[in-house]
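S.K.: Below you'll find start_32.cif; it's mmCIF, C-alpha atoms (C1' of nucleotides).
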data_final
loop_
_atom_site.label_atom_id
_atom_site.label_comp_id
_atom_site.auth_asym_id
_atom_site.auth_seq_id
_atom_site.Cartn_x
_atom_site.Cartn_y
_atom_site.Cartn_z
CA MET U 1 196.32 -18.78 213.26
CA ALA U 2 192.58 -18.61 213.51
CA GLN U 3 191.15 -17.52 210.18
CA ARG U 4 192.81 -17.09 206.80
CA ASN U 5 191.68 -14.80 204.04
CA THR U 6 191.30 -16.63 200.77
CA TRP U 7 190.01 -15.24 197.50
CA GLN U 8 187.38 -17.97 197.55
CA ARG U 9 185.84 -16.71 200.74
CA GLU U 10 185.86 -13.18 199.37
CA ARG U 11 184.19 -14.31 196.16
CA VAL U 12 181.46 -16.07 198.07
CA ARG U 13 180.91 -13.01 200.19
CA GLU U 14 180.70 -10.83 197.08
CA ALA U 15 178.40 -13.16 195.21
CA LEU U 16 176.15 -13.40 198.20
CA THR U 17 176.03 -9.63 198.50
CA ASP U 18 175.35 -9.20 194.79
CA ALA U 19 172.45 -11.59 194.86
CA ARG U 20 169.31 -9.59 195.35
CA GLY U 21 167.71 -12.10 197.64
CA PHE U 22 168.05 -15.56 199.10
CA VAL U 23 170.06 -18.03 197.09
CA SER U 24 170.87 -21.67 197.55
CA ALA U 25 174.43 -22.83 198.00
CA GLN U 26 174.06 -24.76 194.78
CA SER U 27 173.13 -21.80 192.63
CA LEU U 28 175.80 -19.66 194.23
CA HIS U 29 178.31 -22.31 193.33
CA ALA U 30 176.98 -22.45 189.77
CA THR U 31 177.30 -18.69 189.43
CA LEU U 32 180.84 -18.62 190.74
CA ARG U 33 181.87 -21.57 188.65
CA ASP U 34 180.58 -19.89 185.52
CA GLU U 35 182.33 -16.60 185.91
CA ASN U 36 185.77 -17.67 187.09
CA THR U 37 188.05 -20.44 188.07
CA GLY U 38 186.40 -23.55 189.37
CA ILE U 39 185.66 -22.96 192.98
CA GLY U 40 184.72 -26.12 194.84
CA LEU U 41 181.21 -26.83 195.97
CA ALA U 42 182.43 -27.86 199.39
CA THR U 43 184.24 -24.55 199.71
CA VAL U 44 181.07 -22.63 198.98
CA TYR U 45 179.27 -24.58 201.65
CA ARG U 46 182.07 -24.00 204.13
CA ALA U 47 182.21 -20.30 203.38
CA LEU U 48 178.46 -19.94 203.76
CA ALA U 49 178.43 -21.84 207.01
CA GLY U 50 181.20 -19.58 208.24
CA LEU U 51 179.41 -16.41 207.22
CA ALA U 52 176.22 -17.61 208.83
CA ALA U 53 178.07 -18.56 212.01
CA GLN U 54 179.66 -15.16 212.42
CA GLY U 55 176.38 -13.42 211.71
CA ASP U 56 177.28 -11.99 208.31
CA ALA U 57 174.64 -14.09 206.57
CA ASP U 58 171.14 -15.31 207.21
CA SER U 59 170.09 -18.82 206.48
CA LEU U 60 166.68 -20.38 206.31
CA GLN U 61 165.01 -23.51 205.02
CA SER U 62 162.90 -23.09 201.93
CA PRO U 63 159.61 -24.98 201.98
CA GLU U 64 161.25 -27.38 199.52
CA GLY U 65 163.90 -28.24 202.07
CA GLU U 66 166.83 -26.41 200.53
CA ALA U 67 168.95 -24.15 202.68
CA LEU U 68 168.92 -20.57 201.47
CA TYR U 69 171.45 -17.90 202.35
CA ARG U 70 171.51 -14.16 202.16
CA ALA U 71 173.98 -11.45 203.04
CA CYS U 72 172.87 -9.89 206.27
CA VAL U 73 172.22 -6.18 206.12
CA SER U 74 170.93 -5.27 209.52
CA ALA U 75 172.90 -6.92 212.24
CA GLY U 76 170.06 -7.74 214.59
CA HIS U 77 167.34 -10.30 214.50
CA HIS U 78 164.78 -9.85 211.74
CA HIS U 79 162.48 -11.64 209.34
CA HIS U 80 161.87 -11.90 205.64
CA LEU U 81 159.36 -11.50 202.90
CA ILE U 82 160.61 -13.65 200.06
CA CYS U 83 159.48 -13.90 196.46
CA ARG U 84 159.16 -17.58 195.70
CA SER U 85 159.79 -16.95 192.03
CA CYS U 86 162.81 -14.62 191.82
CA GLY U 87 164.11 -14.79 195.39
CA LEU U 88 163.77 -11.06 195.95
CA THR U 89 163.79 -10.47 199.67
CA VAL U 90 162.50 -7.68 201.82
CA GLU U 91 163.73 -7.47 205.35
CA ILE U 92 160.87 -6.83 207.69
CA GLU U 93 160.77 -5.90 211.30
CA ALA U 94 158.24 -7.59 213.46
CA THR U 95 158.54 -6.23 216.91
CA ASP U 96 154.99 -7.25 217.73
CA VAL U 97 155.50 -10.76 216.48
CA GLU U 98 158.74 -10.90 218.39
CA GLN U 99 156.98 -10.14 221.61
CA TRP U 100 154.09 -12.39 220.83
CA ALA U 101 156.50 -15.28 220.26
CA ARG U 102 158.28 -14.72 223.53
CA ALA U 103 155.04 -14.37 225.45
CA THR U 104 153.54 -17.47 223.87
CA ALA U 105 156.57 -19.58 224.65
CA GLU U 106 156.58 -18.43 228.25
CA ARG U 107 152.89 -18.95 228.71
CA HIS U 108 153.37 -22.62 227.80
CA GLY U 109 156.44 -23.07 229.97
CA PHE U 110 158.91 -23.22 227.10
CA ARG U 111 162.46 -21.98 227.45
CA ASP U 112 165.20 -20.94 225.05
CA ALA U 113 162.65 -20.19 222.39
CA GLU U 114 163.67 -19.36 218.85
CA HIS U 115 161.12 -18.63 216.23
CA VAL U 116 160.84 -18.96 212.51
CA VAL U 117 158.75 -16.24 210.90
CA ASP U 118 158.95 -15.83 207.16
CA ILE U 119 156.50 -14.96 204.45
CA PHE U 120 156.72 -16.44 200.98
CA GLY U 121 154.80 -14.94 198.09
CA LEU U 122 155.00 -13.54 194.60
CA CYS U 123 156.54 -10.10 194.34
CA ALA U 124 154.80 -7.47 192.23
CA SER U 125 156.84 -7.98 189.06
CA CYS U 126 156.74 -11.76 189.21
CA ALA U 127 153.01 -11.61 189.77
CA ALA U 128 152.65 -9.42 186.68
CA ALA U 129 154.81 -11.80 184.66
CA ALA U 130 152.75 -14.73 185.87
CA ASP U 131 149.56 -13.00 184.77
CA GLN U 132 150.95 -12.54 181.29
CA ARG U 133 152.09 -16.11 181.09
CA THR U 134 148.95 -17.72 182.39
CA PRO U 135 146.83 -17.39 179.23
CA ASP U 136 149.58 -19.05 177.16
CA GLN U 137 149.84 -21.91 179.60
CA LEU U 138 146.13 -22.44 179.44
CA ALA U 139 146.33 -22.43 175.64
CA GLU U 140 149.13 -24.99 175.73
CA LYS U 141 147.08 -27.18 177.98
CA ARG U 142 144.20 -26.95 175.56
CA ASP U 143 146.42 -27.89 172.63
CA ALA U 144 148.08 -30.76 174.42
CA HIS U 145 144.69 -32.17 175.26
CA MET K 1 138.31 -45.92 191.82
CA ALA K 2 139.89 -42.96 193.46
CA GLN K 3 141.28 -43.99 196.85
CA ARG K 4 141.71 -47.39 198.41
CA ASN K 5 141.79 -48.25 202.07
CA THR K 6 144.82 -50.26 203.02
CA TRP K 7 145.92 -51.29 206.49
CA GLN K 8 149.21 -49.49 205.85
CA ARG K 9 147.55 -46.15 205.43
CA GLU K 10 145.53 -46.75 208.60
CA ARG K 11 148.63 -47.67 210.54
CA VAL K 12 150.38 -44.53 209.46
CA ARG K 13 147.41 -42.47 210.43
CA GLU K 14 147.27 -44.16 213.85
CA ALA K 15 150.97 -43.84 214.47
CA LEU K 16 150.85 -40.19 213.52
CA THR K 17 147.95 -39.61 215.87
CA ASP K 18 149.65 -41.50 218.71
CA ALA K 19 152.81 -39.47 218.39
CA ARG K 20 152.55 -36.60 220.82
CA GLY K 21 154.18 -34.11 218.51
CA PHE K 22 155.94 -33.69 215.21
CA VAL K 23 157.75 -36.71 213.90
CA SER K 24 159.88 -37.31 210.87
CA ALA K 25 158.85 -39.82 208.23
CA GLN K 26 161.96 -41.77 209.06
CA SER K 27 161.17 -42.23 212.73
CA LEU K 28 157.55 -43.03 211.97
CA HIS K 29 158.76 -45.74 209.65
CA ALA K 30 161.13 -47.06 212.29
CA THR K 31 158.31 -47.21 214.84
CA LEU K 32 155.96 -49.02 212.51
CA ARG K 33 158.64 -51.42 211.40
CA ASP K 34 159.45 -52.33 214.97
CA GLU K 35 155.97 -53.13 216.14
CA ASN K 36 154.60 -55.05 213.16
CA THR K 37 155.09 -56.36 209.71
CA GLY K 38 157.61 -54.56 207.62
CA ILE K 39 155.90 -51.58 206.15
CA GLY K 40 157.88 -49.94 203.38
CA LEU K 41 159.55 -46.60 203.79
CA ALA K 42 158.16 -45.38 200.49
CA THR K 43 154.68 -46.28 201.66
CA VAL K 44 155.07 -44.19 204.78
CA TYR K 45 156.18 -41.25 202.68
CA ARG K 46 153.29 -41.70 200.31
CA ALA K 47 150.78 -41.99 203.14
CA LEU K 48 152.12 -38.89 204.82
CA ALA K 49 152.08 -36.89 201.61
CA GLY K 50 148.51 -38.00 201.09
CA LEU K 51 147.44 -37.05 204.60
CA ALA K 52 149.12 -33.69 204.27
CA ALA K 53 147.50 -33.10 200.89
CA GLN K 54 144.01 -33.75 202.16
CA GLY K 55 144.59 -31.59 205.22
CA ASP K 56 144.65 -34.36 207.82
CA ALA K 57 148.26 -33.68 208.68
CA ASP K 58 150.56 -30.72 209.05
CA SER K 59 154.05 -30.69 207.68
CA LEU K 60 156.93 -28.36 208.27
CA GLN K 61 160.66 -28.22 207.75
CA SER K 62 162.75 -28.61 210.86
CA PRO K 63 165.73 -26.26 211.10
CA GLU K 64 167.87 -29.28 210.25
CA GLY K 65 166.10 -29.70 206.96
CA GLU K 66 164.00 -32.74 207.77
CA ALA K 67 160.31 -32.73 206.97
CA LEU K 68 158.20 -33.21 210.07
CA TYR K 69 154.58 -34.33 210.17
CA ARG K 70 151.83 -34.19 212.70
CA ALA K 71 148.23 -35.27 212.85
CA CYS K 72 146.08 -32.22 212.40
CA VAL K 73 143.65 -31.54 215.19
CA SER K 74 142.01 -28.30 214.28
CA ALA K 75 141.12 -28.17 210.64
CA GLY K 76 142.03 -24.58 209.92
CA HIS K 77 145.31 -22.80 209.53
CA HIS K 78 147.40 -22.61 212.68
CA HIS K 79 150.91 -22.55 214.05
CA HIS K 80 153.07 -24.51 216.44
CA LEU K 81 155.17 -24.34 219.52
CA ILE K 82 157.53 -27.27 219.33
CA CYS K 83 159.88 -28.75 221.88
CA ARG K 84 163.17 -29.26 220.14
CA SER K 85 164.08 -32.06 222.50
CA CYS K 86 161.02 -34.32 222.76
CA GLY K 87 158.91 -33.04 219.89
CA LEU K 88 155.95 -32.14 222.07
CA THR K 89 153.80 -29.72 220.16
CA VAL K 90 151.30 -27.14 221.20
CA GLU K 91 148.96 -25.77 218.62
CA ILE K 92 148.74 -22.04 218.90
CA GLU K 93 146.45 -19.56 217.32
CA ALA K 94 147.91 -16.40 216.02
CA THR K 95 145.16 -14.30 214.63
CA ASP K 96 147.22 -11.17 215.08
CA VAL K 97 150.22 -12.65 213.35
CA GLU K 98 147.96 -13.88 210.62
CA GLN K 99 146.73 -10.41 209.91
CA TRP K 100 150.15 -8.92 210.26
CA ALA K 101 151.51 -11.34 207.68
CA ARG K 102 148.76 -10.55 205.21
CA ALA K 103 149.12 -6.83 205.71
CA THR K 104 152.90 -6.93 205.39
CA ALA K 105 152.76 -8.91 202.17
CA GLU K 106 150.23 -6.54 200.69
CA ARG K 107 152.12 -3.46 201.74
CA HIS K 108 155.10 -4.68 199.71
CA GLY K 109 153.05 -5.67 196.69
CA PHE K 110 153.33 -9.41 197.25
CA ARG K 111 150.61 -11.81 196.23
CA ASP K 112 149.64 -15.36 197.11
CA ALA K 113 151.45 -15.04 200.41
CA GLU K 114 151.97 -18.02 202.65
CA HIS K 115 153.78 -17.68 205.90
CA VAL K 116 155.85 -19.88 208.12
CA VAL K 117 155.47 -19.11 211.79
CA ASP K 118 156.75 -21.62 214.29
CA ILE K 119 158.43 -21.44 217.64
CA PHE K 120 161.05 -23.93 218.73
CA GLY K 121 162.07 -24.22 222.34
CA LEU K 122 162.49 -26.49 225.31
CA CYS K 123 159.28 -27.58 226.98
CA ALA K 124 159.03 -27.39 230.76
CA SER K 125 159.93 -31.03 231.45
CA CYS K 126 162.80 -31.14 228.97
CA ALA K 127 164.13 -27.90 230.42
CA ALA K 128 164.04 -29.45 233.90
CA ALA K 129 165.80 -32.56 232.62
CA ALA K 130 168.42 -30.40 230.94
CA ASP K 131 169.05 -28.55 234.17
CA GLN K 132 169.68 -31.81 235.98
CA ARG K 133 172.00 -33.07 233.31
CA THR K 134 174.01 -29.92 232.85
CA PRO K 135 176.26 -30.26 235.93
CA ASP K 136 177.26 -33.79 234.88
CA GLN K 137 178.10 -32.64 231.39
CA LEU K 138 180.26 -29.90 232.79
CA ALA K 139 181.98 -32.45 235.01
CA GLU K 140 182.57 -34.70 232.01
CA LYS K 141 184.06 -31.80 230.11
CA ARG K 142 186.37 -31.13 233.02
CA ASP K 143 187.44 -34.75 233.20
CA ALA K 144 187.96 -35.10 229.48
CA HIS K 145 190.24 -32.12 229.59
"C1'" DG Q 1 135.95 -66.11 192.91
"C1'" DC Q 2 137.47 -63.18 188.74
"C1'" DT Q 3 139.30 -58.94 186.73
"C1'" DG Q 4 141.75 -54.95 186.53
"C1'" DA Q 5 143.42 -50.76 188.33
"C1'" DT Q 6 145.75 -49.06 192.61
"C1'" DT Q 7 149.03 -49.76 196.12
"C1'" DT Q 8 152.81 -51.89 197.99
"C1'" DG Q 9 157.80 -52.87 199.00
"C1'" DA Q 10 162.75 -53.44 197.87
"C1'" DG Q 11 166.01 -51.21 196.05
"C1'" DA Q 12 167.78 -47.95 192.70
"C1'" DA Q 13 168.01 -43.15 191.75
"C1'" DC Q 14 168.39 -38.57 193.11
"C1'" DG Q 15 169.57 -34.01 195.08
"C1'" DA Q 16 171.47 -31.56 198.88
"C1'" DT Q 17 174.95 -31.55 202.17
"C1'" DT Q 18 179.00 -33.28 204.61
"C1'" DC Q 19 183.24 -35.79 204.93
"C1'" DT Q 20 187.97 -37.43 203.44
"C1'" DC Q 21 192.38 -36.64 202.32
"C1'" DA Q 22 196.10 -35.43 199.43
"C1'" DT Q 23 197.49 -30.97 197.68
"C1'" DT Q 24 197.70 -25.94 197.85
"C1'" DA Q 25 198.57 -21.64 199.69
"C1'" DA Q 26 198.18 -17.96 203.64
"C1'" DC Q 27 200.75 -15.82 207.11
"C1'" DG Q 28 204.13 -15.24 210.95
"C1'" DT Q 29 208.83 -15.99 211.24
"C1'" DT Q 30 213.43 -15.77 209.54
"C1'" DA C 1 212.20 -13.09 199.67
"C1'" DA C 2 212.41 -17.99 201.11
"C1'" DC C 3 210.60 -21.18 204.89
"C1'" DG C 4 207.68 -24.02 207.58
"C1'" DT C 5 203.47 -24.57 209.74
"C1'" DT C 6 198.95 -25.57 209.23
"C1'" DA C 7 194.36 -24.01 207.88
"C1'" DA C 8 191.83 -24.09 203.55
"C1'" DT C 9 190.88 -26.05 199.14
"C1'" DG C 10 188.91 -29.24 195.62
"C1'" DA C 11 187.51 -33.70 193.67
"C1'" DG C 12 185.13 -37.20 194.67
"C1'" DA C 13 183.23 -40.49 197.92
"C1'" DA C 14 179.97 -40.94 201.57
"C1'" DT C 15 175.68 -39.83 203.88
"C1'" DC C 16 171.05 -38.59 204.53
"C1'" DG C 17 166.37 -37.69 203.38
"C1'" DT C 18 163.23 -38.23 199.82
"C1'" DT C 19 161.34 -39.77 195.39
"C1'" DC C 20 161.09 -43.04 191.59
"C1'" DT C 21 160.68 -47.69 189.31
"C1'" DC C 22 158.54 -51.80 188.52
"C1'" DA C 23 157.22 -56.44 189.48
"C1'" DA C 24 154.27 -58.54 192.79
"C1'" DA C 25 150.47 -58.15 195.98
"C1'" DT C 26 145.91 -56.47 197.03
"C1'" DC C 27 141.56 -53.91 197.13
"C1'" DA C 28 136.83 -52.96 194.88
"C1'" DG C 29 133.34 -53.79 191.85
"C1'" DC C 30 131.32 -57.46 189.11
#
Take the structure in the file and give it back as structure tokens.

M.R.:
Amino acid sequence: MAQRNTWQRERVREALTDARGFVSAQSLHATLRDENTGIGLATVYRALAGLAAQGDADSLQSPEGEALYRACVSAGHHHHLICRSCGLTVEIEATDVEQWARATAERHGFRDAEHVVDIFGLCASCAAAADQRTPDQLAEKRDAH
Amino acid sequence: MAQRNTWQRERVREALTDARGFVSAQSLHATLRDENTGIGLATVYRALAGLAAQGDADSLQSPEGEALYRACVSAGHHHHLICRSCGLTVEIEATDVEQWARATAERHGFRDAEHVVDIFGLCASCAAAADQRTPDQLAEKRDAH
DNA sequence: GCTGATTTGAGAACGATTCTCATTAACGTT
DNA sequence: AACGTTAATGAGAATCGTTCTCAAATCAGC
């Protein structure tokens, strides 16, 4: 009996799909815990690891050192443009970069090369929101001073 | 009195420079602790954070979630080809990738884009070593079975 | 050498992730 | 539908990397 279907695994899969971008295991767990029965944190981690292992999810390390997961849309290898504020993710293809990475590794005698290529930034709407907020923050700073 | 010069900070700088590639704060601390007086782990972290902040060191997240540091040779922005076995690092320039990243971010309306571009692989000597070891490992597997 | 702010080090605190293990429940068999 | 096997779960403990705390040590200017 290799793999059993539990409602927990389904829920994790759903929640991951519903999320618009990359989410941490922690916040996924928080979401699930809010809306239903108390699913265990360990279970969420196990489910995510499983999904990632069988290629149904992507995982990457945020610059802060958290592991982020996302439901995988396109099956193949690809990269991401991630909003560091709201987590919105755009899947990007990078054929050129792909080739460049392989060529570079070979040129230096490296084998079994994997590469990490991701772009973090502020998406259009978050950038707009940030612009609106900035004056207030400056004002607060002035007041606090 | 902004910044003080302590032998600890110097030692960290030296050790970081001596290391041939990326090292974790933990292993740097272990090295330093072995060869001399007991330098504190927190101090190593602080020194590394400081070096990274003032641009004298690079930092990146390993796929395992550890933060890795390396003495910065070229001042500007650059990327790395890292041996996942011995940590040997080659600094690589990626002007094309640079531009591609900027263009991609802009095309999707993203602002303040940073990118993570690193290649992990097996360097030539580690690959050779792995080839030698592989038959034994297979034999072991057979025996253990 | 004295003074005072910065830095240190030991350990506590912390957050993310993994492990443990008794309990639960999925699924093939009856 | 009940059964037995056994993978999966959940609560909490354990682990690991990193940051924080605070008293004691130390650097820099006088």

S.K.: I'd like the neighbourhood of range 11-21 of chain Q as a ChimeraX atom specification, where a residue qualifies if any of its atoms comes within 8 Å (using only C-alpha atoms (C1' of nucleotides)), though same-chain residues fewer than 5 positions away should be ignored.

M.R.: /U:66 /C:13-15,19-21

S.K.: Do you know which residues the PyMOL selection byres ((chain K) within 7 of (chain U)) returns on this file, as number ranges by chain?

M.R.: K: 61, 63, 65, 97, 101, 109-124, 127

S.K.: What's the 6 Å shell around range 16-29 of chain K, counting all atoms listed in the file, without same-chain residues fewer than 2 positions away, as a PyMOL selection string?

M.R.: chain K and resi 12-14+31-33+41+68-71+87-89

S.K.: Record the distance separating CA of Thr95 in chain U and CA of Gly55 in chain U, expressed in Å with one decimal.

M.R.: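 CA of Gly55 in chain U lies 19.9 Å from CA of Thr95 in chain U.
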
S.K.: What would the selection look like, as a list in words, if the PyMOL selection byres ((chain K) within 8 of (chain C)) were run on the coordinates I just shared?

M.R.: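 Applied to this file, the PyMOL selection byres ((chain K) within 8 of (chain C)) selects Met1, Arg4, Asn5, Thr6 and Glu66 of chain K.
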
S.K.: As an exercise, work out the distance from CA of Cys86 in chain K to CA of Cys72 in chain K in Å and give it to one decimal place.

M.R.: 18.3 Å
